[in-house]
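One file, start-v1.cif, carrying mmCIF, C-alpha atoms:
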```cif
data_model
loop_
_atom_site.label_atom_id
_atom_site.label_comp_id
_atom_site.auth_asym_id
_atom_site.auth_seq_id
_atom_site.Cartn_x
_atom_site.Cartn_y
_atom_site.Cartn_z
CA MET A 858 53.05 -33.78 59.00
CA SER A 859 54.71 -30.96 57.08
CA ALA A 860 53.57 -28.86 54.12
CA ARG A 861 55.19 -29.28 50.72
CA PRO A 862 58.06 -26.85 50.06
CA SER A 863 58.26 -24.79 46.88
CA ARG A 864 60.14 -26.47 44.06
CA ILE A 865 60.98 -23.11 42.47
CA LEU A 866 62.43 -21.68 45.68
CA LYS A 867 64.42 -24.85 46.35
CA LEU A 868 65.94 -24.74 42.87
CA LEU A 869 66.74 -21.04 43.16
CA ARG A 870 68.57 -21.72 46.44
CA GLU A 871 70.60 -24.33 44.54
CA ASN A 872 71.46 -21.75 41.85
CA GLN A 873 69.34 -23.57 39.27
CA LEU A 874 67.09 -21.98 36.62
CA PRO A 875 63.52 -23.21 37.28
CA THR A 876 61.29 -23.68 34.22
CA VAL A 877 57.62 -22.75 33.89
CA LEU A 878 54.96 -23.61 31.31
CA LYS A 879 52.08 -21.18 30.85
CA VAL A 880 48.74 -23.00 30.69
CA ASN A 881 45.71 -21.39 29.06
CA LEU A 882 43.62 -24.52 28.74
CA SER A 883 41.55 -25.63 31.73
CA GLU A 884 42.24 -29.35 31.42
CA PRO A 885 44.21 -30.80 34.39
CA ARG A 886 45.75 -33.37 32.05
CA VAL A 887 47.81 -30.55 30.53
CA ILE A 888 49.42 -30.00 33.93
CA GLU A 889 50.05 -33.73 34.24
CA ILE A 890 51.75 -33.78 30.83
CA ALA A 891 53.89 -30.81 31.87
CA GLY A 892 54.88 -32.56 35.08
CA LEU A 893 55.69 -35.82 33.33
CA CYS A 894 57.83 -33.93 30.81
CA GLY A 895 59.86 -32.37 33.60
CA VAL A 896 58.89 -28.72 34.00
CA ASP A 897 59.26 -27.25 37.47
CA ALA A 898 56.06 -25.20 37.54
CA VAL A 899 52.94 -24.24 35.63
CA TRP A 900 51.58 -20.74 35.28
CA LEU A 901 47.78 -20.79 35.50
CA CYS A 902 45.68 -17.72 34.80
CA ASN A 903 42.67 -16.00 36.26
CA GLU A 904 43.32 -12.69 34.48
CA HIS A 905 42.79 -13.53 30.81
CA VAL A 906 41.42 -17.10 30.97
CA PRO A 907 37.81 -17.98 31.95
CA ASN A 908 38.83 -20.44 34.67
CA ASP A 909 36.46 -21.20 37.50
CA TRP A 910 37.70 -21.96 41.00
CA ILE A 911 36.85 -25.66 40.96
CA GLY A 912 38.69 -26.06 37.67
CA LEU A 913 41.69 -24.20 39.05
CA GLU A 914 41.65 -26.33 42.19
CA ASN A 915 41.84 -29.47 40.04
CA GLN A 916 44.70 -28.02 38.01
CA ILE A 917 46.55 -27.11 41.21
CA ARG A 918 45.92 -30.60 42.55
CA ALA A 919 47.38 -32.10 39.35
CA ALA A 920 50.52 -30.02 39.90
CA ARG A 921 50.88 -31.30 43.46
CA VAL A 922 50.50 -34.90 42.28
CA HIS A 923 53.56 -34.44 40.06
CA ASN A 924 55.52 -32.37 42.60
CA ILE A 925 55.58 -29.19 40.53
CA ASP A 926 54.62 -25.70 41.63
CA ALA A 927 51.43 -24.00 40.50
CA LEU A 928 51.62 -20.23 40.04
CA VAL A 929 48.22 -18.58 39.60
CA ARG A 930 48.05 -15.18 37.97
CA VAL A 931 45.17 -13.59 39.82
CA GLY A 932 42.66 -11.11 38.50
CA ARG A 933 42.92 -7.69 40.09
CA GLY A 934 40.54 -7.69 43.03
CA SER A 935 40.19 -7.94 46.79
CA TYR A 936 42.38 -9.79 49.22
CA SER A 937 40.09 -12.83 48.87
CA ASP A 938 40.96 -13.09 45.18
CA TYR A 939 44.66 -13.14 46.09
CA ILE A 940 44.63 -15.64 48.98
CA ARG A 941 42.15 -18.10 47.45
CA PRO A 942 44.78 -19.67 45.15
CA PHE A 943 47.03 -20.23 48.17
CA GLU A 944 44.17 -21.82 50.09
CA ALA A 945 43.50 -24.08 47.08
CA GLY A 946 47.08 -25.31 47.32
CA ALA A 947 48.90 -23.12 44.78
CA GLN A 948 52.54 -22.55 45.58
CA GLY A 949 52.45 -18.99 44.33
CA ILE A 950 50.54 -16.10 42.82
CA ILE A 951 51.36 -13.57 40.12
CA VAL A 952 49.73 -10.17 40.59
CA PRO A 953 49.41 -8.22 37.32
CA HIS A 954 49.74 -4.49 36.67
CA VAL A 955 51.51 -3.45 39.86
CA ALA A 956 52.65 0.13 39.37
CA SER A 957 53.69 1.60 42.74
CA ARG A 958 55.34 0.88 46.05
CA ALA A 959 52.03 1.47 47.82
CA GLU A 960 50.33 -1.20 45.69
CA ALA A 961 53.12 -3.65 46.43
CA ARG A 962 52.85 -2.96 50.15
CA GLN A 963 49.07 -3.47 50.07
CA ILE A 964 49.48 -6.82 48.32
CA ILE A 965 51.98 -8.02 50.93
CA ASP A 966 49.61 -6.96 53.72
CA TRP A 967 46.89 -9.06 52.10
CA VAL A 968 48.84 -12.25 51.36
CA ARG A 969 51.46 -12.58 54.10
CA PHE A 970 50.79 -13.44 57.73
CA HIS A 971 52.05 -11.49 60.76
CA PRO A 972 54.70 -10.20 61.25
CA ILE A 973 55.19 -9.60 57.50
CA GLY A 974 51.59 -8.76 56.61
CA LYS A 975 48.00 -8.84 57.81
CA ARG A 976 46.53 -11.82 55.98
CA ALA A 977 43.29 -13.26 57.32
CA LEU A 978 43.92 -16.55 59.11
CA ASP A 979 42.19 -19.84 58.33
CA GLY A 980 44.20 -23.04 57.96
CA GLY A 981 41.23 -25.26 57.18
CA ASN A 982 42.06 -25.73 53.51
CA ILE A 983 44.62 -27.83 51.69
CA ASP A 984 47.41 -25.28 52.29
CA GLY A 985 47.01 -25.97 56.00
CA GLU A 986 46.41 -29.70 55.40
CA PHE A 987 42.84 -29.15 56.65
CA CYS A 988 43.99 -28.05 60.12
CA LEU A 989 46.43 -30.97 60.47
CA ILE A 990 49.45 -28.65 60.41
CA PRO A 991 50.10 -26.80 63.69
CA MET A 992 49.22 -23.13 63.39
CA ASP A 993 52.73 -21.80 63.98
CA GLU A 994 54.11 -24.14 61.29
CA TYR A 995 51.31 -23.14 58.90
CA ILE A 996 52.11 -19.45 59.32
CA ARG A 997 55.86 -19.99 59.00
CA HIS A 998 55.47 -22.13 55.88
CA SER A 999 53.01 -19.71 54.25
CA ASN A 1000 55.39 -16.80 54.77
CA SER A 1001 58.51 -18.63 53.59
CA GLU A 1002 57.48 -21.26 51.01
CA ARG A 1003 54.60 -19.56 49.18
CA ILE A 1004 55.72 -17.37 46.29
CA VAL A 1005 54.51 -13.85 45.55
CA ILE A 1006 55.41 -12.42 42.13
CA LEU A 1007 54.49 -8.90 41.05
CA GLN A 1008 54.14 -8.07 37.37
CA ILE A 1009 55.74 -4.95 35.88
CA GLU A 1010 54.21 -4.12 32.50
CA SER A 1011 53.77 -0.36 32.09
CA PRO A 1012 55.94 2.76 31.80
CA GLU A 1013 54.48 3.98 35.13
CA ALA A 1014 55.50 0.75 36.86
CA LEU A 1015 58.96 0.89 35.31
CA GLU A 1016 59.54 4.34 36.77
CA ASN A 1017 58.81 2.90 40.22
CA VAL A 1018 60.44 -0.51 39.82
CA GLU A 1019 63.31 0.18 42.22
CA GLU A 1020 60.88 1.36 44.92
CA ILE A 1021 58.61 -1.62 44.27
CA CYS A 1022 61.52 -4.05 44.58
CA SER A 1023 62.54 -2.47 47.89
CA VAL A 1024 59.29 -3.64 49.52
CA PRO A 1025 59.97 -6.67 51.75
CA GLY A 1026 57.75 -9.74 51.68
CA PHE A 1027 57.57 -10.73 48.01
CA ASP A 1028 59.87 -12.92 45.96
CA GLY A 1029 60.07 -11.89 42.35
CA ILE A 1030 59.11 -9.68 39.44
CA LEU A 1031 57.64 -10.84 36.14
CA PHE A 1032 58.34 -8.41 33.32
CA GLY A 1033 55.52 -8.27 30.78
CA PRO A 1034 57.01 -7.24 27.41
CA GLY A 1035 53.71 -7.60 25.57
CA ASP A 1036 51.76 -5.07 27.59
CA PHE A 1037 54.80 -2.81 27.96
CA SER A 1038 55.35 -2.68 24.20
CA HIS A 1039 51.64 -2.00 23.71
CA ARG A 1040 51.65 0.83 26.23
CA ILE A 1041 54.50 2.63 24.44
CA GLY A 1042 52.79 2.30 21.05
CA LYS A 1043 54.93 -0.58 19.75
CA ALA A 1044 52.65 -3.55 20.35
CA GLY A 1045 54.45 -6.86 19.99
CA GLN A 1046 57.84 -5.29 19.26
CA ILE A 1047 59.61 -6.92 22.19
CA ASP A 1048 63.00 -6.20 20.60
CA ALA A 1049 62.34 -2.45 20.48
CA PRO A 1050 65.11 -0.54 22.29
CA GLU A 1051 62.67 0.83 24.89
CA VAL A 1052 61.40 -2.66 25.72
CA VAL A 1053 64.91 -4.09 25.97
CA ALA A 1054 65.96 -1.22 28.23
CA ALA A 1055 62.90 -1.79 30.43
CA ARG A 1056 63.67 -5.51 30.67
CA LYS A 1057 67.24 -4.78 31.74
CA ARG A 1058 66.14 -2.20 34.30
CA VAL A 1059 63.71 -4.70 35.86
CA GLY A 1060 66.46 -7.31 36.08
CA ALA A 1061 68.87 -4.86 37.69
CA ALA A 1062 66.27 -3.77 40.28
CA THR A 1063 65.57 -7.36 41.29
CA ARG A 1064 69.28 -8.13 41.69
CA LYS A 1065 69.78 -5.03 43.82
CA HIS A 1066 66.99 -5.94 46.24
CA GLY A 1067 67.45 -9.69 46.45
CA LYS A 1068 64.42 -10.70 44.34
CA PHE A 1069 64.33 -12.97 41.32
CA ALA A 1070 63.21 -11.87 37.87
CA MET A 1071 60.94 -14.11 35.78
CA THR A 1072 60.78 -13.92 32.03
CA ALA A 1073 57.53 -14.35 30.10
CA GLY A 1074 59.42 -16.41 27.51
CA LEU A 1075 62.74 -16.60 25.72
CA ILE A 1076 62.47 -12.95 24.74
CA ALA A 1077 66.26 -12.79 24.35
CA PRO A 1078 69.08 -15.35 24.28
CA LEU A 1079 69.06 -17.26 27.57
CA ALA A 1080 72.63 -16.32 28.46
CA GLN A 1081 71.72 -12.66 28.08
CA LEU A 1082 68.61 -13.01 30.24
CA VAL A 1083 70.56 -14.77 32.98
CA GLU A 1084 73.23 -12.06 32.90
CA GLU A 1085 70.48 -9.45 33.32
CA GLY A 1086 69.14 -11.22 36.43
CA TYR A 1087 66.37 -13.44 35.08
CA ARG A 1088 66.37 -16.68 37.07
CA VAL A 1089 62.92 -18.21 36.40
CA VAL A 1090 62.29 -19.08 32.75
CA ASN A 1091 58.90 -19.48 31.12
CA ILE A 1092 59.39 -21.97 28.28
CA GLY A 1093 56.19 -21.23 26.35
CA ALA A 1094 52.47 -21.91 26.43
CA ASP A 1095 50.23 -24.92 25.87
CA VAL A 1096 48.16 -23.16 23.21
CA VAL A 1097 51.26 -22.17 21.25
CA ALA A 1098 52.49 -25.77 21.38
CA LEU A 1099 49.12 -27.14 20.28
CA THR A 1100 48.58 -24.70 17.42
CA GLY A 1101 52.14 -25.20 16.23
CA TYR A 1102 51.72 -28.97 16.22
CA VAL A 1103 48.38 -28.84 14.39
CA LYS A 1104 49.75 -26.48 11.73
CA GLN A 1105 52.87 -28.63 11.26
CA ARG A 1106 50.82 -31.81 10.82
CA LEU A 1107 48.42 -30.10 8.41
CA ASP A 1108 51.32 -28.86 6.30
CA LEU A 1109 52.76 -32.38 6.25
CA VAL A 1110 49.49 -34.05 5.22
CA ARG A 1111 48.68 -31.39 2.61
CA GLY A 1112 52.14 -31.87 1.10
CA LEU A 1113 51.60 -35.61 0.94
CA ILE A 1114 48.18 -35.09 -0.68
CA ASN A 1115 49.76 -32.92 -3.36
CA GLU A 1116 52.21 -35.74 -4.13
CA LEU A 1117 49.47 -38.34 -4.72
CA PRO A 1118 49.02 -39.70 -8.26
CA ASP A 1119 46.53 -37.77 -10.38
CA ALA A 1120 44.09 -40.69 -10.33
CA VAL A 1121 43.61 -40.51 -6.54
CA ARG A 1122 44.55 -36.92 -5.69
CA PRO A 1123 41.48 -34.92 -4.55
CA PRO A 1124 40.57 -31.75 -6.40
CA VAL A 1125 41.98 -28.50 -5.07
CA ARG A 1126 39.93 -27.39 -2.08
CA SER A 1127 38.75 -23.79 -1.76
CA PRO A 1128 40.41 -22.05 1.19
CA TYR A 1129 37.03 -20.51 2.01
CA ALA A 1130 35.13 -23.82 2.27
#
```
What would you get if you wrote out this structure as structure tokens?
Amino acid sequence: MSARPSRILKLLRENQLPTVLKVNLSEPRVIEIAGLCGVDAVWLCNEHVPNDWIGLENQIRAARVHNIDALVRVGRGSYSDYIRPFEAGAQGIIVPHVASRAEARQIIDWVRFHPIGKRALDGGNIDGEFCLIPMDEYIRHSNSERIVILQIESPEALENVEEICSVPGFDGILFGPGDFSHRIGKAGQIDAPEVVAARKRVGAATRKHGKFAMTAGLIAPLAQLVEEGYRVVNIGADVVALTGYVKQRLDLVRGLINELPDAVRPPVRSPYA
């Protein structure tokens, strides 16, 4: 018996551009839809979304069923908060608001096994196939096929990004243009020159130190992002897709209502009703 390898890492080794869908909703069927549509991974969230651990476990299980990776953005906390997604079967974690080399080193100590880090050893969960995988194989697989992504999203972190990327034991950097733009007083202006420069600096640092860069969305033309070093592409979010679809269908139906003959067209509805 052998543990499932990472789809993202396999594709990166083949010089592909793995795709990720961010999932805010807690319904495992969303992950199944994503898998059936052909994405390579889903980005689940424990930072901004009120997920509970059983719900997350079911979402992670849905990803495994469809052979896609689950990346869980953890809430800032103790080492238990960081390793629990792995033990629930997630292929990777995203750690937000990393701002220094020391923080990066601490995270690696928590989530990687010896000789890379100092992670507490169990093996009795799904990541160790409930003790069915030999211990040496479990440790090797956890250190080589589980993904650790650190998020850079502040001016302080940007100043240290080269030092952060020099830390061994993690795989990639996710640049957060939303929080970065907010922190410099230009909330939401992801095309602002300072945000673009930060994005490029993050990409360059990852290339220099053999990491991959992940984009939070198509925040620039894809060819430009790839040239800058971004190799993992977030394609959007479930809530954006759902709200866009609902608004599009409402616009369609309202237009059709307005075209009805006077005899059957309803009276104009108050927007405040």
A:Glu1002, A:Glu1051, A:Glu1019, A:Asp1119 ranked by distance to Lys867 in chain A, top pick (using only C-alpha atoms):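 That would be A:Glu1002, the residue with the smallest distance to Lys867 in chain A.
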Long-range neighbours of range 1055-1067 of chain A as a PDB file with C-alpha atoms, in the frame of the given file, 12 Å cut-off, all atoms listed in the file, 3 positions minimum in chain:
```
ATOM      1  CA  LEU A 869      66.740 -21.040  43.160  1.00  0.00           C
ATOM      2  CA  ILE A1006      55.410 -12.420  42.130  1.00  0.00           C
ATOM      3  CA  LEU A1007      54.490  -8.900  41.050  1.00  0.00           C
ATOM      4  CA  GLN A1008      54.140  -8.070  37.370  1.00  0.00           C
ATOM      5  CA  ILE A1009      55.740  -4.950  35.880  1.00  0.00           C
ATOM      6  CA  GLU A1010      54.210  -4.120  32.500  1.00  0.00           C
ATOM      7  CA  SER A1011      53.770  -0.360  32.090  1.00  0.00           C
ATOM      8  CA  PRO A1012      55.940   2.760  31.800  1.00  0.00           C
ATOM      9  CA  GLU A1013      54.480   3.980  35.130  1.00  0.00           C
ATOM     10  CA  ALA A1014      55.500   0.750  36.860  1.00  0.00           C
ATOM     11  CA  LEU A1015      58.960   0.890  35.310  1.00  0.00           C
ATOM     12  CA  GLU A1016      59.540   4.340  36.770  1.00  0.00           C
ATOM     13  CA  ASN A1017      58.810   2.900  40.220  1.00  0.00           C
ATOM     14  CA  VAL A1018      60.440  -0.510  39.820  1.00  0.00           C
ATOM     15  CA  GLU A1019      63.310   0.180  42.220  1.00  0.00           C
ATOM     16  CA  GLU A1020      60.880   1.360  44.920  1.00  0.00           C
ATOM     17  CA  ILE A1021      58.610  -1.620  44.270  1.00  0.00           C
ATOM     18  CA  CYS A1022      61.520  -4.050  44.580  1.00  0.00           C
ATOM     19  CA  SER A1023      62.540  -2.470  47.890  1.00  0.00           C
ATOM     20  CA  VAL A1024      59.290  -3.640  49.520  1.00  0.00           C
ATOM     21  CA  PRO A1025      59.970  -6.670  51.750  1.00  0.00           C
ATOM     22  CA  GLY A1026      57.750  -9.740  51.680  1.00  0.00           C
ATOM     23  CA  PHE A1027      57.570 -10.730  48.010  1.00  0.00           C
ATOM     24  CA  ASP A1028      59.870 -12.920  45.960  1.00  0.00           C
ATOM     25  CA  GLY A1029      60.070 -11.890  42.350  1.00  0.00           C
ATOM     26  CA  ILE A1030      59.110  -9.680  39.440  1.00  0.00           C
ATOM     27  CA  LEU A1031      57.640 -10.840  36.140  1.00  0.00           C
ATOM     28  CA  PHE A1032      58.340  -8.410  33.320  1.00  0.00           C
ATOM     29  CA  GLY A1033      55.520  -8.270  30.780  1.00  0.00           C
ATOM     30  CA  PRO A1034      57.010  -7.240  27.410  1.00  0.00           C
ATOM     31  CA  GLY A1035      53.710  -7.600  25.570  1.00  0.00           C
ATOM     32  CA  ASP A1036      51.760  -5.070  27.590  1.00  0.00           C
ATOM     33  CA  PHE A1037      54.800  -2.810  27.960  1.00  0.00           C
ATOM     34  CA  SER A1038      55.350  -2.680  24.200  1.00  0.00           C
ATOM     35  CA  ILE A1041      54.500   2.630  24.440  1.00  0.00           C
ATOM     36  CA  ILE A1047      59.610  -6.920  22.190  1.00  0.00           C
ATOM     37  CA  ASP A1048      63.000  -6.200  20.600  1.00  0.00           C
ATOM     38  CA  ALA A1049      62.340  -2.450  20.480  1.00  0.00           C
ATOM     39  CA  PRO A1050      65.110  -0.540  22.290  1.00  0.00           C
ATOM     40  CA  GLU A1051      62.670   0.830  24.890  1.00  0.00           C
ATOM     41  CA  VAL A1052      61.400  -2.660  25.720  1.00  0.00           C
ATOM     42  CA  ALA A1070      63.210 -11.870  37.870  1.00  0.00           C
ATOM     43  CA  MET A1071      60.940 -14.110  35.780  1.00  0.00           C
ATOM     44  CA  THR A1072      60.780 -13.920  32.030  1.00  0.00           C
ATOM     45  CA  ALA A1073      57.530 -14.350  30.100  1.00  0.00           C
ATOM     46  CA  ILE A1076      62.470 -12.950  24.740  1.00  0.00           C
ATOM     47  CA  ALA A1077      66.260 -12.790  24.350  1.00  0.00           C
ATOM     48  CA  GLN A1081      71.720 -12.660  28.080  1.00  0.00           C
ATOM     49  CA  LEU A1082      68.610 -13.010  30.240  1.00  0.00           C
ATOM     50  CA  VAL A1083      70.560 -14.770  32.980  1.00  0.00           C
ATOM     51  CA  GLU A1084      73.230 -12.060  32.900  1.00  0.00           C
ATOM     52  CA  GLU A1085      70.480  -9.450  33.320  1.00  0.00           C
ATOM     53  CA  GLY A1086      69.140 -11.220  36.430  1.00  0.00           C
ATOM     54  CA  TYR A1087      66.370 -13.440  35.080  1.00  0.00           C
ATOM     55  CA  ARG A1088      66.370 -16.680  37.070  1.00  0.00           C
ATOM     56  CA  VAL A1089      62.920 -18.210  36.400  1.00  0.00           C
TER      57      VAL A1089
END
```
Under the PyMOL selection byres ((chain A and resi 1096-1101) around 12), which residues of this model are included? Write them out as a list in words.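 Expected selection for the PyMOL selection byres ((chain A and resi 1096-1101) around 12) here is Leu878, Lys879, Val880, Asn881, Leu882, Ser883, Glu884, Val887, Ala891, Val906, Gly1074, Ile1092, Gly1093, Ala1094, Asp1095, Tyr1102, Val1103, Lys1104, Gln1105, Arg1106, Leu1107 and Asp1108 of chain A.
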Would you translate the PyMOL selection byres ((chain A and resi 944) around 7) into the concrete set of residues it matches in this file, as a VMD selection string? chain A and resid 940 to 943 945 to 946 982 to 984
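Using all atoms listed in the file, the nearest neighbour of Arg886 in chain A within the list A:Ala920, A:Ala898, A:Ala1120, A:Leu866 is A:Ala920.
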